[in-house]
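Since the structure comes first, as structure tokens, the remarks are kept for the end.
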Amino acid sequence: MNVIAEIQRINELELEKGLTHTSGSWHTKYKDSAWVYAGNLPNNLTEGDVICILSQYGEIEDIHLVRDSDSGKSKGFAFVKYEDSRSCVLAVDNLTGSQVLERTLRVDHVEKYRLPKHVQEKEEERLKGGGGGDNDEGVGASSNLAEAGHAYKDQELASSFNIQSGQDLFAAPVDERKEPEQFSEEDETGGNKEERKRRKELRAQKRKEKEVHRRRKEERKRGKHDRRKSSHDRRD
């Protein structure tokens, strides 16, 4: 039996026995962790897409979408941290088994989240160098206190999005890859004036052609009416 079916089976069993939201629930084991694992994600989803899906059940503080170190492509799974560990219960119960782009999601608790390898190595070097401060528990403890965006620190990103500052959903979209257009002084003066003049002349010519076409159409219509009237008079 796969993990998705097992989680669904346990949840149904808890509902039958009335164990939900009690100390007897299987979720209680993970009450001190605010991290969840999201697996079987479509490979074309970005960090923002994953946040949109999982934020239905709580405020998200951090995300680590695991990517291939060479190609940068998503490996199809991510670790997400909620502001409140109770959101993990909602996400696991409601999103496990749901369909996203014909893929069945697996969302599960993470009891002890570990830092990504490249971050963990830097943290070990910092601790060896005497930069551990008051933290006597080493890397294991620091993984629980990782600051938001730790998985992308010192890495070149596709955009300037910062999880700490959020995203303005009502702002106009900006293509950061597109360089601003450069206009010379000539473009702003003579060049633009000539272009506007040419467009104005074209519009005037089109209006004139439409007017000529309309008049010809009316003349043909009047001619047909006159011929019909003349024929009718002759029959009388």
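Lettering and numbering for the structure tokens are positional, with chains as A, B, ... in the shown order, residues counted from 1 in each chain, and ligands counted from 1 in the shown order.
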Near Asn43 (chain A), within 7 Å and counting only C-alpha atoms, which residues show up once chain neighbours fewer than 3 positions away are dropped, as an MDAnalysis selection string?
chainID A and resid 74:76
DSSP strand (DSSP E) residues within region 4-92 of chain A, as an MDAnalysis selection string:
chainID A and resid 35:39 60:67 74:82
Atomic separation - CA of Arg126 (chain A) relative to CA of Tyr113 (chain A), Å
19.5 Å
Write out as a PyMOL selection string each polymer residue whose atoms come within 8 Å of Asp108 (chain A), counting only C-alpha atoms; drop sequence neighbours fewer than 6 positions from it.
chain A and resi 36-38+92+96
Leaving out region 61-68 of chain A and any residue of its chain fewer than 3 positions from it, which residues lie within 7 Å of it when counting only C-alpha atoms, given as a PyMOL selection string?
chain A and resi 47+71-75+77-83+148-149+151
Shell of 10 Å around Val100 (chain A), only C-alpha atoms, local chain residues under 6 positions omitted, as a list in words:
Asn40, Leu41, Pro42, Leu45 and Ile53 of chain A
